[in-house]
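Trainee: File follows, model_33.cif with mmCIF, C-alpha atoms and all ligand atoms:
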data_model
loop_
_atom_site.label_atom_id
_atom_site.label_comp_id
_atom_site.auth_asym_id
_atom_site.auth_seq_id
_atom_site.Cartn_x
_atom_site.Cartn_y
_atom_site.Cartn_z
CA MET A 1 -80.61 -10.59 82.21
CA PRO A 2 -79.67 -9.88 78.57
CA ILE A 3 -76.35 -8.09 78.14
CA ARG A 4 -77.09 -4.35 78.18
CA ASN A 5 -73.58 -2.98 78.79
CA LEU A 6 -69.99 -4.14 79.24
CA LYS A 7 -69.89 -3.83 83.07
CA GLY A 8 -68.92 -7.13 84.66
CA LEU A 9 -68.20 -8.87 81.35
CA VAL A 10 -64.96 -10.70 80.59
CA GLY A 11 -63.48 -10.15 77.16
CA LEU A 12 -60.53 -11.54 75.22
CA VAL A 13 -59.10 -9.24 72.57
CA THR A 14 -56.43 -10.37 70.10
CA GLY A 15 -54.19 -7.71 68.60
CA GLY A 16 -54.96 -5.74 71.74
CA ALA A 17 -51.55 -4.09 71.93
CA SER A 18 -52.12 -1.69 69.05
CA GLY A 19 -54.64 0.17 66.94
CA LEU A 20 -58.20 -1.09 66.84
CA GLY A 21 -57.59 -3.88 69.35
CA LYS A 22 -55.96 -1.53 71.85
CA ALA A 23 -58.88 0.88 71.55
CA THR A 24 -61.25 -2.02 72.19
CA VAL A 25 -59.33 -3.13 75.30
CA GLU A 26 -59.32 0.44 76.60
CA ARG A 27 -63.06 0.91 76.01
CA PHE A 28 -63.90 -2.41 77.66
CA VAL A 29 -61.87 -1.60 80.79
CA ARG A 30 -63.26 1.95 80.88
CA GLN A 31 -66.79 0.52 80.85
CA GLY A 32 -66.14 -1.91 83.71
CA ALA A 33 -65.22 -5.08 81.88
CA ARG A 34 -62.15 -7.26 82.51
CA VAL A 35 -59.94 -8.17 79.58
CA ILE A 36 -57.35 -10.72 78.54
CA LEU A 37 -55.13 -8.81 76.11
CA CYS A 38 -53.68 -11.26 73.57
CA ASP A 39 -50.84 -10.13 71.35
CA LEU A 40 -47.37 -11.22 70.28
CA GLU A 41 -44.69 -11.52 72.97
CA LYS A 42 -42.70 -8.76 71.22
CA SER A 43 -45.70 -6.40 71.20
CA ALA A 44 -46.47 -3.58 73.63
CA GLY A 45 -49.14 -5.80 75.18
CA LYS A 46 -47.60 -5.94 78.66
CA ASP A 47 -47.20 -2.17 78.88
CA VAL A 48 -50.76 -1.58 77.66
CA ALA A 49 -52.14 -4.08 80.19
CA ASP A 50 -50.01 -2.75 83.05
CA ASN A 51 -51.21 0.77 82.34
CA LEU A 52 -54.83 -0.38 82.55
CA GLY A 53 -54.43 -2.06 85.95
CA ASP A 54 -55.80 -5.24 87.50
CA ASN A 55 -58.75 -5.53 85.10
CA CYS A 56 -56.46 -6.23 82.16
CA ILE A 57 -54.04 -9.15 81.89
CA PHE A 58 -51.56 -9.58 79.03
CA SER A 59 -51.20 -13.11 77.68
CA PRO A 60 -48.43 -13.42 75.06
CA THR A 61 -50.27 -15.05 72.17
CA ASN A 62 -49.69 -15.92 68.54
CA VAL A 63 -53.24 -16.42 67.27
CA THR A 64 -52.04 -19.23 65.01
CA SER A 65 -50.89 -21.22 68.06
CA GLU A 66 -53.36 -23.58 69.73
CA ALA A 67 -51.18 -23.72 72.84
CA ASP A 68 -50.96 -19.93 73.15
CA VAL A 69 -54.71 -19.44 72.77
CA LYS A 70 -55.47 -22.24 75.23
CA LYS A 71 -53.11 -20.60 77.75
CA ALA A 72 -54.91 -17.27 77.37
CA LEU A 73 -58.26 -18.98 77.93
CA GLU A 74 -56.89 -20.70 81.06
CA ILE A 75 -55.94 -17.28 82.39
CA ALA A 76 -59.44 -15.97 81.63
CA LYS A 77 -60.96 -18.86 83.59
CA ASP A 78 -58.46 -18.83 86.46
CA LYS A 79 -58.23 -15.06 86.96
CA PHE A 80 -61.64 -13.83 85.83
CA GLY A 81 -63.75 -17.00 86.16
CA LYS A 82 -65.33 -16.94 82.70
CA LEU A 83 -65.32 -15.54 79.16
CA ASP A 84 -68.24 -13.64 77.59
CA VAL A 85 -66.77 -11.94 74.50
CA ALA A 86 -63.92 -12.83 72.12
CA VAL A 87 -62.77 -10.09 69.73
CA ASN A 88 -60.44 -10.98 66.83
CA CYS A 89 -58.40 -7.89 65.96
CA ALA A 90 -54.98 -9.43 65.34
CA GLY A 91 -53.98 -9.10 61.73
CA ILE A 92 -51.23 -8.28 59.27
CA GLY A 93 -51.17 -6.67 55.87
CA ILE A 94 -49.10 -6.87 52.73
CA ALA A 95 -48.92 -4.82 49.57
CA PHE A 96 -47.61 -6.62 46.52
CA LYS A 97 -49.08 -7.08 43.08
CA THR A 98 -49.81 -10.56 41.74
CA TYR A 99 -46.84 -10.06 39.41
CA ASN A 100 -44.52 -7.07 39.34
CA PHE A 101 -43.79 -6.74 35.66
CA ASN A 102 -41.26 -3.97 36.23
CA LYS A 103 -39.15 -6.29 38.34
CA LYS A 104 -40.37 -9.54 36.67
CA LEU A 105 -41.27 -10.80 40.16
CA PRO A 106 -44.32 -12.95 41.11
CA HIS A 107 -46.01 -12.36 44.48
CA ASN A 108 -44.04 -14.35 47.07
CA LEU A 109 -46.09 -17.45 47.92
CA GLU A 110 -44.91 -17.67 51.53
CA ASP A 111 -45.96 -14.06 52.09
CA PHE A 112 -49.39 -14.80 50.63
CA ALA A 113 -49.76 -17.88 52.84
CA GLU A 114 -48.64 -15.99 55.97
CA VAL A 115 -51.34 -13.35 55.56
CA ILE A 116 -54.01 -16.04 55.16
CA THR A 117 -52.63 -18.00 58.10
CA VAL A 118 -52.54 -15.08 60.53
CA ASN A 119 -55.69 -13.25 59.47
CA THR A 120 -58.04 -16.11 58.56
CA VAL A 121 -56.70 -19.25 60.21
CA GLY A 122 -55.66 -17.31 63.32
CA SER A 123 -59.13 -15.81 63.70
CA PHE A 124 -60.76 -19.21 63.33
CA ASN A 125 -58.29 -20.77 65.78
CA VAL A 126 -59.33 -18.25 68.44
CA ILE A 127 -63.05 -18.71 67.74
CA ARG A 128 -62.97 -22.54 67.81
CA LEU A 129 -61.20 -22.52 71.21
CA ALA A 130 -62.82 -19.48 72.87
CA VAL A 131 -66.39 -20.66 72.32
CA GLY A 132 -65.60 -23.76 74.36
CA LEU A 133 -65.15 -21.52 77.41
CA ILE A 134 -67.98 -19.14 76.49
CA GLY A 135 -70.24 -22.20 76.18
CA GLU A 136 -69.72 -22.93 79.90
CA ASN A 137 -71.68 -19.77 80.80
CA GLU A 138 -75.21 -19.94 82.17
CA PRO A 139 -77.58 -18.66 79.45
CA ASP A 140 -79.35 -15.36 80.07
CA ALA A 141 -83.10 -14.86 79.71
CA ASP A 142 -82.62 -14.73 75.93
CA GLY A 143 -80.63 -17.98 76.00
CA GLN A 144 -77.45 -16.08 75.18
CA ARG A 145 -74.08 -17.25 76.56
CA GLY A 146 -71.76 -14.84 74.72
CA VAL A 147 -70.52 -13.37 71.46
CA VAL A 148 -67.59 -13.55 69.05
CA ILE A 149 -66.62 -10.49 66.97
CA ASN A 150 -64.18 -10.67 64.04
CA THR A 151 -62.45 -8.03 61.96
CA SER A 152 -62.59 -8.11 58.18
CA SER A 153 -62.05 -5.00 56.04
CA VAL A 154 -63.59 -3.02 53.21
CA ALA A 155 -60.79 -4.68 51.25
CA ALA A 156 -62.86 -7.88 51.41
CA PHE A 157 -65.27 -6.20 48.99
CA GLU A 158 -63.14 -3.64 47.06
CA GLY A 159 -59.59 -4.91 47.23
CA GLN A 160 -57.09 -2.58 45.64
CA MET A 161 -54.06 -3.24 43.50
CA GLY A 162 -51.57 -5.18 45.63
CA GLN A 163 -54.21 -6.60 47.99
CA ALA A 164 -54.78 -10.13 46.64
CA ALA A 165 -53.51 -11.78 49.84
CA TYR A 166 -55.02 -9.31 52.29
CA SER A 167 -58.42 -9.15 50.57
CA ALA A 168 -58.55 -12.95 50.31
CA SER A 169 -57.83 -13.25 54.03
CA LYS A 170 -60.54 -10.72 54.90
CA GLY A 171 -63.03 -12.09 52.41
CA ALA A 172 -62.66 -15.47 54.06
CA ILE A 173 -63.60 -13.91 57.41
CA VAL A 174 -66.72 -12.50 55.77
CA GLY A 175 -67.50 -15.94 54.35
CA MET A 176 -67.15 -17.79 57.64
CA THR A 177 -69.23 -15.37 59.74
CA LEU A 178 -72.67 -16.84 58.94
CA PRO A 179 -71.76 -20.55 59.09
CA ILE A 180 -70.04 -19.97 62.45
CA ALA A 181 -73.13 -18.13 63.73
CA ARG A 182 -75.21 -21.11 62.57
CA ASP A 183 -72.82 -23.57 64.25
CA LEU A 184 -73.05 -21.73 67.58
CA ALA A 185 -76.72 -20.73 67.60
CA ASN A 186 -77.88 -23.70 69.67
CA GLN A 187 -75.39 -22.73 72.38
CA GLY A 188 -76.60 -19.12 72.42
CA ILE A 189 -73.31 -17.73 71.12
CA ARG A 190 -73.46 -15.03 68.45
CA CYS A 191 -70.86 -14.36 65.73
CA CYS A 192 -70.53 -11.02 63.93
CA THR A 193 -67.83 -9.33 61.88
CA ILE A 194 -66.87 -5.68 61.53
CA ALA A 195 -65.49 -4.49 58.16
CA PRO A 196 -63.60 -1.28 58.93
CA GLY A 197 -62.74 1.32 56.32
CA LEU A 198 -59.60 3.39 56.84
CA PHE A 199 -58.63 3.89 60.46
CA ASN A 200 -55.74 5.85 61.90
CA THR A 201 -53.48 3.03 63.13
CA PRO A 202 -49.89 1.87 62.66
CA LEU A 203 -51.00 -0.75 60.13
CA LEU A 204 -52.54 1.81 57.83
CA ALA A 205 -49.51 4.04 58.37
CA SER A 206 -47.31 1.29 56.90
CA LEU A 207 -48.77 1.94 53.45
CA PRO A 208 -46.88 4.08 50.96
CA GLU A 209 -47.56 7.75 51.82
CA LYS A 210 -48.96 8.32 48.32
CA VAL A 211 -51.50 5.53 48.75
CA GLN A 212 -52.52 6.78 52.22
CA THR A 213 -53.01 10.35 50.99
CA TYR A 214 -54.99 9.21 47.96
CA LEU A 215 -57.16 6.89 50.03
CA ALA A 216 -57.94 9.48 52.72
CA SER A 217 -59.07 11.90 50.01
CA THR A 218 -61.68 9.41 48.81
CA ILE A 219 -63.65 9.10 52.07
CA PRO A 220 -67.05 10.78 51.45
CA PHE A 221 -68.05 11.60 55.07
CA PRO A 222 -66.70 12.09 57.67
CA LYS A 223 -63.80 13.31 55.49
CA ARG A 224 -61.12 11.82 57.73
CA LEU A 225 -59.60 8.52 58.82
CA GLY A 226 -61.62 6.63 61.40
CA ASP A 227 -60.69 6.92 65.09
CA PRO A 228 -59.90 3.47 66.60
CA ASP A 229 -62.44 4.14 69.37
CA GLU A 230 -65.14 4.36 66.68
CA TYR A 231 -64.31 0.77 65.83
CA ALA A 232 -64.37 -0.13 69.53
CA HIS A 233 -67.77 1.56 69.83
CA MET A 234 -69.12 -0.82 67.17
CA VAL A 235 -67.72 -3.76 69.12
CA GLN A 236 -69.65 -2.52 72.18
CA THR A 237 -72.78 -2.03 70.07
CA ILE A 238 -72.66 -5.61 68.84
CA VAL A 239 -72.14 -6.92 72.38
CA GLU A 240 -75.08 -4.88 73.68
CA ASN A 241 -77.56 -5.70 70.89
CA PRO A 242 -78.47 -9.41 71.10
CA TYR A 243 -80.36 -9.31 67.82
CA LEU A 244 -77.17 -8.73 65.81
CA ASN A 245 -75.96 -12.13 64.62
CA GLY A 246 -74.28 -13.66 61.58
CA GLU A 247 -73.77 -10.23 60.02
CA VAL A 248 -70.87 -8.22 58.60
CA ILE A 249 -71.09 -4.54 59.46
CA ARG A 250 -69.10 -1.89 57.54
CA VAL A 251 -67.80 1.06 59.53
CA ASP A 252 -66.22 3.13 56.77
CA GLY A 253 -67.47 6.71 56.22
CA SER A 254 -69.15 5.30 53.09
CA ILE A 255 -65.82 4.79 51.30
CA ARG A 256 -65.94 2.47 48.28
CA MET A 257 -62.31 1.90 47.36
CA MET A 258 -61.19 2.37 43.78
CA ALA A 259 -58.52 0.35 42.02
C1 LIG A 301 -44.51 -1.28 50.61
C2 LIG A 301 -45.42 -1.01 51.77
C3 LIG A 301 -45.76 -2.27 52.52
C4 LIG A 301 -47.09 -2.09 53.24
C5 LIG A 301 -47.54 -3.37 53.86
C6 LIG A 301 -48.76 -3.17 54.73
C7 LIG A 301 -50.02 -2.95 53.91
C8 LIG A 301 -51.21 -2.83 54.83
C9 LIG A 301 -52.51 -2.90 54.06
C10 LIG A 301 -53.69 -3.10 54.94
C11 LIG A 301 -53.97 -1.89 55.79
C12 LIG A 301 -55.28 -2.10 56.46
C13 LIG A 301 -56.26 -1.17 55.84
C14 LIG A 301 -57.54 -1.83 55.47
O1 LIG A 301 -57.81 -2.96 55.81
C15 LIG A 301 -58.45 -1.02 54.62
C16 LIG A 301 -57.83 -1.00 53.26
O2 LIG A 301 -57.72 -1.99 52.60
S1 LIG A 301 -57.20 0.52 52.79
C17 LIG A 301 -56.55 0.15 51.19
C18 LIG A 301 -55.11 -0.19 51.33
N1 LIG A 301 -54.52 -0.23 50.01
C19 LIG A 301 -53.56 -1.06 49.76
O3 LIG A 301 -53.16 -1.85 50.59
C20 LIG A 301 -52.97 -0.96 48.38
C21 LIG A 301 -51.69 -1.72 48.37
N2 LIG A 301 -51.03 -1.55 47.08
C22 LIG A 301 -49.95 -0.75 46.97
O4 LIG A 301 -49.48 -0.13 47.91
C23 LIG A 301 -49.34 -0.72 45.58
O5 LIG A 301 -50.36 -1.15 44.69
C24 LIG A 301 -48.13 -1.64 45.44
C25 LIG A 301 -47.03 -1.24 46.43
C26 LIG A 301 -48.55 -3.07 45.73
C27 LIG A 301 -47.64 -1.57 44.00
O6 LIG A 301 -47.24 -0.24 43.78
P1 LIG A 301 -46.18 -0.02 42.67
O7 LIG A 301 -45.21 -1.13 42.63
O8 LIG A 301 -45.66 1.36 42.82
O9 LIG A 301 -47.08 -0.21 41.39
P2 LIG A 301 -46.96 0.61 40.11
O10 LIG A 301 -45.50 0.86 39.81
O11 LIG A 301 -47.80 -0.10 39.08
O12 LIG A 301 -47.66 2.02 40.49
C28 LIG A 301 -48.03 2.89 39.49
C29 LIG A 301 -48.49 4.12 40.14
O13 LIG A 301 -49.74 3.90 40.79
C30 LIG A 301 -49.61 4.13 42.19
N3 LIG A 301 -50.32 3.08 42.89
C31 LIG A 301 -50.00 1.77 42.94
N4 LIG A 301 -50.90 1.13 43.69
C32 LIG A 301 -51.76 2.05 44.14
C33 LIG A 301 -52.92 2.00 44.99
N5 LIG A 301 -53.35 0.84 45.51
N6 LIG A 301 -53.61 3.13 45.23
C34 LIG A 301 -53.18 4.28 44.70
N7 LIG A 301 -52.09 4.45 43.89
C35 LIG A 301 -51.41 3.31 43.64
C36 LIG A 301 -48.14 4.03 42.47
O14 LIG A 301 -47.81 4.82 43.62
C37 LIG A 301 -47.53 4.59 41.20
O15 LIG A 301 -47.67 6.00 41.22
P3 LIG A 301 -46.45 6.86 40.63
O16 LIG A 301 -46.99 8.26 40.55
O17 LIG A 301 -46.11 6.23 39.28
O18 LIG A 301 -45.32 6.71 41.64
N1 LIG A 302 -56.34 0.20 60.27
C1 LIG A 302 -57.23 0.06 59.33
O1 LIG A 302 -57.52 0.97 58.53
C2 LIG A 302 -57.93 -1.25 59.17
C3 LIG A 302 -57.57 -2.39 59.88
N2 LIG A 302 -58.26 -3.56 59.68
C4 LIG A 302 -57.96 -4.75 60.45
O2 LIG A 302 -58.09 -4.43 61.82
C5 LIG A 302 -57.23 -5.27 62.59
C6 LIG A 302 -56.37 -4.40 63.48
O3 LIG A 302 -55.59 -3.60 62.63
P1 LIG A 302 -54.82 -2.30 63.15
O4 LIG A 302 -55.25 -2.00 64.55
O5 LIG A 302 -54.95 -1.27 62.12
O6 LIG A 302 -53.33 -2.84 63.12
P2 LIG A 302 -52.14 -2.77 64.16
O7 LIG A 302 -50.95 -3.22 63.40
O8 LIG A 302 -52.14 -1.45 64.86
O9 LIG A 302 -52.55 -3.88 65.25
C7 LIG A 302 -52.54 -5.25 64.89
C8 LIG A 302 -52.09 -6.02 66.10
O10 LIG A 302 -52.14 -7.40 65.77
C9 LIG A 302 -51.00 -8.02 66.33
N3 LIG A 302 -50.69 -9.28 65.63
C10 LIG A 302 -50.19 -9.43 64.38
N4 LIG A 302 -50.00 -10.73 64.11
C11 LIG A 302 -50.38 -11.42 65.22
C12 LIG A 302 -50.42 -12.79 65.55
N5 LIG A 302 -49.99 -13.73 64.70
N6 LIG A 302 -50.88 -13.13 66.78
C13 LIG A 302 -51.30 -12.18 67.65
N7 LIG A 302 -51.29 -10.86 67.40
C14 LIG A 302 -50.83 -10.50 66.18
C15 LIG A 302 -49.89 -6.99 66.19
O11 LIG A 302 -48.83 -7.26 67.10
C16 LIG A 302 -50.64 -5.70 66.51
O12 LIG A 302 -50.55 -5.38 67.86
C17 LIG A 302 -56.42 -6.08 61.58
O13 LIG A 302 -57.02 -7.37 61.43
C18 LIG A 302 -56.57 -5.30 60.27
O14 LIG A 302 -56.47 -6.14 59.15
C19 LIG A 302 -59.32 -3.65 58.80
C20 LIG A 302 -59.69 -2.55 58.09
C21 LIG A 302 -59.05 -1.27 58.22
#
Can the structure from this file be put into structure tokens for me?

Mentor:
Amino acid sequence: MPIRNLKGLVGLVTGGASGLGKATVERFVRQGARVILCDLEKSAGKDVADNLGDNCIFSPTNVTSEADVKKALEIAKDKFGKLDVAVNCAGIGIAFKTYNFNKKLPHNLEDFAEVITVNTVGSFNVIRLAVGLIGENEPDADGQRGVVINTSSVAAFEGQMGQAAYSASKGAIVGMTLPIARDLANQGIRCCTIAPGLFNTPLLASLPEKVQTYLASTIPFPKRLGDPDEYAHMVQTIVENPYLNGEVIRVDGSIRMMA
């Protein structure tokens, strides 16, 4: 039967210890799914998983590590028998102009590379490995075996001052969504990406207060930051609608960021 809800599904969520990923893990478990919560060893991942009970297992994972991701997938297979949905939420941000003329400082190259490595390369690392397990599923009546959901950002389209690295990393996720969907189509695995606007999470809270206040004032409607469960709701919508594929979906209160 085509997927019509999350009950009985097995999901893997990276960045599941905080913010949008945590909200996704919580919604999945609430709706009867089982989840492998992947996040850094130092994260709150174990506490979050323990609080959710037997249907959530924490697997310490750096998304840039092949070994870590493979270990998480082994747990999915051994403990839950399969994988249906992989959700890439793990990500980092940075705020630094290309060149700070006040301080005569260029953007640090290692910092730029780290953002690309975690956000873009890390997401692809999870996809390339997770679909191997998803591909072992029996196809449903539609021929579907599962779905991969990535997280870009409105910054992929309207990057602000100081967002060269972050916007590049998120723009790359937009760019790879369709070719990955095309690569996986014959196996009945879908690939979609969510581009969130401003959501009330620790990552957004790490921005300078002045930038946060200014940004929040520019959201047309609803005139507020997004609730992480509203992101998680979009994840569920993508899982439940088999005709969504190869697309990037903004969830942003119609914000269009200014410089
Ligand atoms: C230092 C904090 C480190 C934070 C790291 C984590 C960042 C996480 C970002 C990702 C969050 C995820 C959200 C998401 O995906 C959706 C979005 O993208 S929301 C948009 C987020 N916006 C940004 O990330 C902007 C980042 N840029 C900046 O914070 C600043 O541009 C920067 C710190 C790089 C440079 O500021 P500064 O050195 O102060 O530059 P100036 O001296 O030229 O500033 C002049 C003046 O203008 C104000 N200003 C600077 N940048 C912005 C901006 N982007 N928006 C609004 N106002 C800005 C600045 O405060 C100065 O005002 P004064 O009145 O003169 O103090
Ligand atoms: N909060 C917002 O307004 C928006 C967030 N996003 C994106 O949504 C995703 C989630 O962001 P938030 O929940 O806001 O941030 P968050 O900081 O609350 O959560 C991010 C999680 O990713 C984990 N993580 C970081 N690097 C990792 C790595 N190498 N391996 C595994 N896990 C790692 C962190 O430990 C953390 O638990 C990120 O990709 C972010 O870029 C996109 C648009 C808007």

Trainee: May I ask you to write as a VMD selection string all residues lying at most 6 Å from ligand LIG 302 (chain A), with only C-alpha atoms and all ligand atoms counted?

Mentor: chain A and resid 14 to 21 39 to 40 43 61 to 64 89 to 92 118 151 to 153 196 to 204

Trainee: Include C-alpha atoms and write out the residues we just selected as a compact mmCIF listing (two decimals), in the frame of the given file.

Mentor:
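The resulting file, out-v7.txt, is reproduced below:
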# COMPACT_ATOMS: atom_id res chain seq x y z
CA THR A 14 -56.43 -10.37 70.10
CA GLY A 15 -54.19 -7.71 68.60
CA GLY A 16 -54.96 -5.74 71.74
CA ALA A 17 -51.55 -4.09 71.93
CA SER A 18 -52.12 -1.69 69.05
CA GLY A 19 -54.64 0.17 66.94
CA LEU A 20 -58.20 -1.09 66.84
CA GLY A 21 -57.59 -3.88 69.35
CA ASP A 39 -50.84 -10.13 71.35
CA LEU A 40 -47.37 -11.22 70.28
CA SER A 43 -45.70 -6.40 71.20
CA THR A 61 -50.27 -15.05 72.17
CA ASN A 62 -49.69 -15.92 68.54
CA VAL A 63 -53.24 -16.42 67.27
CA THR A 64 -52.04 -19.23 65.01
CA CYS A 89 -58.40 -7.89 65.96
CA ALA A 90 -54.98 -9.43 65.34
CA GLY A 91 -53.98 -9.10 61.73
CA ILE A 92 -51.23 -8.28 59.27
CA VAL A 118 -52.54 -15.08 60.53
CA THR A 151 -62.45 -8.03 61.96
CA SER A 152 -62.59 -8.11 58.18
CA SER A 153 -62.05 -5.00 56.04
CA PRO A 196 -63.60 -1.28 58.93
CA GLY A 197 -62.74 1.32 56.32
CA LEU A 198 -59.60 3.39 56.84
CA PHE A 199 -58.63 3.89 60.46
CA ASN A 200 -55.74 5.85 61.90
CA THR A 201 -53.48 3.03 63.13
CA PRO A 202 -49.89 1.87 62.66
CA LEU A 203 -51.00 -0.75 60.13
CA LEU A 204 -52.54 1.81 57.83

Trainee: Give the answer as one residue: which of A:Asn102, A:Ser169, A:Asn88, A:Thr177 has the shortest atom-to-atom distance to ligand LIG 301 (chain A), using only C-alpha atoms and all ligand atoms?

Mentor: A:Asn102

Trainee: Grab me every residue within 7 Å of ligand LIG 301 (chain A), counting all atoms listed in the file, and send it over as a ChimeraX atom specification.

Mentor: /A:93-97,100,153-155,159-163,166,196-198,203-204,206-208,210-211,214-215,259

Trainee: Using all atoms listed in the file, pick whichever of A:Val48, A:Ala141, A:Ala165, A:Ile194 has the shortest atom-to-atom distance to Asn119 in chain A.

Mentor: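 Nearest to Asn119 in chain A: A:Ala165.
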
Trainee: Please determine, counting only C-alpha atoms, which residue among A:Ile255, A:Ala67, A:Val115, A:Ala33 has the shortest atom-to-atom distance to Phe80 in chain A.

Mentor: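 Looking only at the distances to Phe80 in chain A, the closest residue turns out to be A:Ala33.
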
Trainee: Tell me which of A:Leu178, A:Leu184, A:Leu83, A:Val13 sits closest to Ser123 in chain A, counting only C-alpha atoms.

Mentor: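 Of A:Leu178, A:Leu184, A:Leu83, A:Val13, the one nearest Ser123 in chain A is A:Val13, counting only C-alpha atoms.
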
Trainee: For a quick check of understanding, using only C-alpha atoms, which of A:Thr120, A:Ala195, A:Asp227, A:Asp142 has the smallest distance to Arg4 in chain A?

Mentor: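 Distance minimum relative to Arg4 in chain A lands on A:Asp142.
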
Trainee: Given only C-alpha atoms as the basis, pick out the residue of A:Gly122, A:Pro222, A:Gly246, A:Pro179 nearest to Cys191 in chain A.

Mentor: A:Gly246

Trainee: State, in Å with one decimal place, the distance from CA of Ala49 in chain A to CA of Arg250 in chain A.

Mentor: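 Between CA of Ala49 in chain A and CA of Arg250 in chain A the gap is 28.4 Å.
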
Trainee: How many Å lie between CA of Ala181 in chain A and CA of Gln236 in chain A, rounded to one decimal?

Mentor: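 Atom-to-atom, CA of Ala181 in chain A to CA of Gln236 in chain A, that is 18.1 Å.
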
Trainee: Figure out the distance between CA of Asp183 in chain A and CA of Arg34 in chain A, please, to one decimal in Å.

Mentor: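 So the answer is 26.7 Å.
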
Trainee: What's the 10 Å shell around Asn186 in chain A, counting all atoms listed in the file, without same-chain residues fewer than 4 positions away, as a short mmCIF file (atom, residue, chain, number, x, y, z; two decimals) with C-alpha atoms, in the coordinates of the input?

Mentor:
data_model
loop_
_atom_site.label_atom_id
_atom_site.label_comp_id
_atom_site.auth_asym_id
_atom_site.auth_seq_id
_atom_site.Cartn_x
_atom_site.Cartn_y
_atom_site.Cartn_z
CA GLY A 143 -80.63 -17.98 76.00
CA GLN A 144 -77.45 -16.08 75.18
CA ALA A 181 -73.13 -18.13 63.73
CA ARG A 182 -75.21 -21.11 62.57
CA ARG A 190 -73.46 -15.03 68.45
#

Trainee: Model the absent atoms of range 241-252 of chain A so that N, CA, C and O atoms are present, and write the result as a PDB file, in the coordinates of the input.

Mentor:
ATOM      1  N   ASN A 241     -76.315  -5.476  71.638  1.00  0.00           N
ATOM      2  CA  ASN A 241     -77.560  -5.700  70.890  1.00  0.00           C
ATOM      3  C   ASN A 241     -77.673  -7.189  70.527  1.00  0.00           C
ATOM      4  O   ASN A 241     -77.092  -7.628  69.534  1.00  0.00           O
ATOM      5  N   PRO A 242     -78.421  -7.949  71.290  1.00  0.00           N
ATOM      6  CA  PRO A 242     -78.470  -9.410  71.100  1.00  0.00           C
ATOM      7  C   PRO A 242     -79.110  -9.854  69.797  1.00  0.00           C
ATOM      8  O   PRO A 242     -78.999 -11.013  69.422  1.00  0.00           O
ATOM      9  N   TYR A 243     -79.713  -8.891  69.049  1.00  0.00           N
ATOM     10  CA  TYR A 243     -80.360  -9.310  67.820  1.00  0.00           C
ATOM     11  C   TYR A 243     -79.407  -9.225  66.608  1.00  0.00           C
ATOM     12  O   TYR A 243     -79.781  -9.563  65.497  1.00  0.00           O
ATOM     13  N   LEU A 244     -78.181  -8.750  66.859  1.00  0.00           N
ATOM     14  CA  LEU A 244     -77.170  -8.730  65.810  1.00  0.00           C
ATOM     15  C   LEU A 244     -76.475 -10.081  65.793  1.00  0.00           C
ATOM     16  O   LEU A 244     -75.822 -10.481  66.771  1.00  0.00           O
ATOM     17  N   ASN A 245     -76.619 -10.822  64.700  1.00  0.00           N
ATOM     18  CA  ASN A 245     -75.960 -12.130  64.620  1.00  0.00           C
ATOM     19  C   ASN A 245     -75.733 -12.511  63.167  1.00  0.00           C
ATOM     20  O   ASN A 245     -76.548 -12.209  62.286  1.00  0.00           O
ATOM     21  N   GLY A 246     -74.575 -13.146  62.914  1.00  0.00           N
ATOM     22  CA  GLY A 246     -74.280 -13.660  61.580  1.00  0.00           C
ATOM     23  C   GLY A 246     -74.083 -12.592  60.520  1.00  0.00           C
ATOM     24  O   GLY A 246     -74.120 -12.854  59.315  1.00  0.00           O
ATOM     25  N   GLU A 247     -73.828 -11.358  60.964  1.00  0.00           N
ATOM     26  CA  GLU A 247     -73.770 -10.230  60.020  1.00  0.00           C
ATOM     27  C   GLU A 247     -72.384  -9.595  59.960  1.00  0.00           C
ATOM     28  O   GLU A 247     -71.619  -9.668  60.922  1.00  0.00           O
ATOM     29  N   VAL A 248     -72.109  -8.987  58.810  1.00  0.00           N
ATOM     30  CA  VAL A 248     -70.870  -8.220  58.600  1.00  0.00           C
ATOM     31  C   VAL A 248     -71.265  -6.754  58.511  1.00  0.00           C
ATOM     32  O   VAL A 248     -72.145  -6.386  57.723  1.00  0.00           O
ATOM     33  N   ILE A 249     -70.680  -5.940  59.347  1.00  0.00           N
ATOM     34  CA  ILE A 249     -71.090  -4.540  59.460  1.00  0.00           C
ATOM     35  C   ILE A 249     -69.932  -3.627  59.053  1.00  0.00           C
ATOM     36  O   ILE A 249     -68.868  -3.636  59.676  1.00  0.00           O
ATOM     37  N   ARG A 250     -70.126  -2.863  57.980  1.00  0.00           N
ATOM     38  CA  ARG A 250     -69.100  -1.890  57.540  1.00  0.00           C
ATOM     39  C   ARG A 250     -69.146  -0.663  58.431  1.00  0.00           C
ATOM     40  O   ARG A 250     -70.222  -0.183  58.772  1.00  0.00           O
ATOM     41  N   VAL A 251     -67.933  -0.207  58.798  1.00  0.00           N
ATOM     42  CA  VAL A 251     -67.800   1.060  59.530  1.00  0.00           C
ATOM     43  C   VAL A 251     -66.744   1.852  58.755  1.00  0.00           C
ATOM     44  O   VAL A 251     -65.546   1.676  58.965  1.00  0.00           O
ATOM     45  N   ASP A 252     -67.190   2.718  57.799  1.00  0.00           N
ATOM     46  CA  ASP A 252     -66.220   3.130  56.770  1.00  0.00           C
ATOM     47  C   ASP A 252     -66.418   4.525  56.207  1.00  0.00           C
ATOM     48  O   ASP A 252     -65.785   4.863  55.191  1.00  0.00           O
TER      49      ASP A 252
END
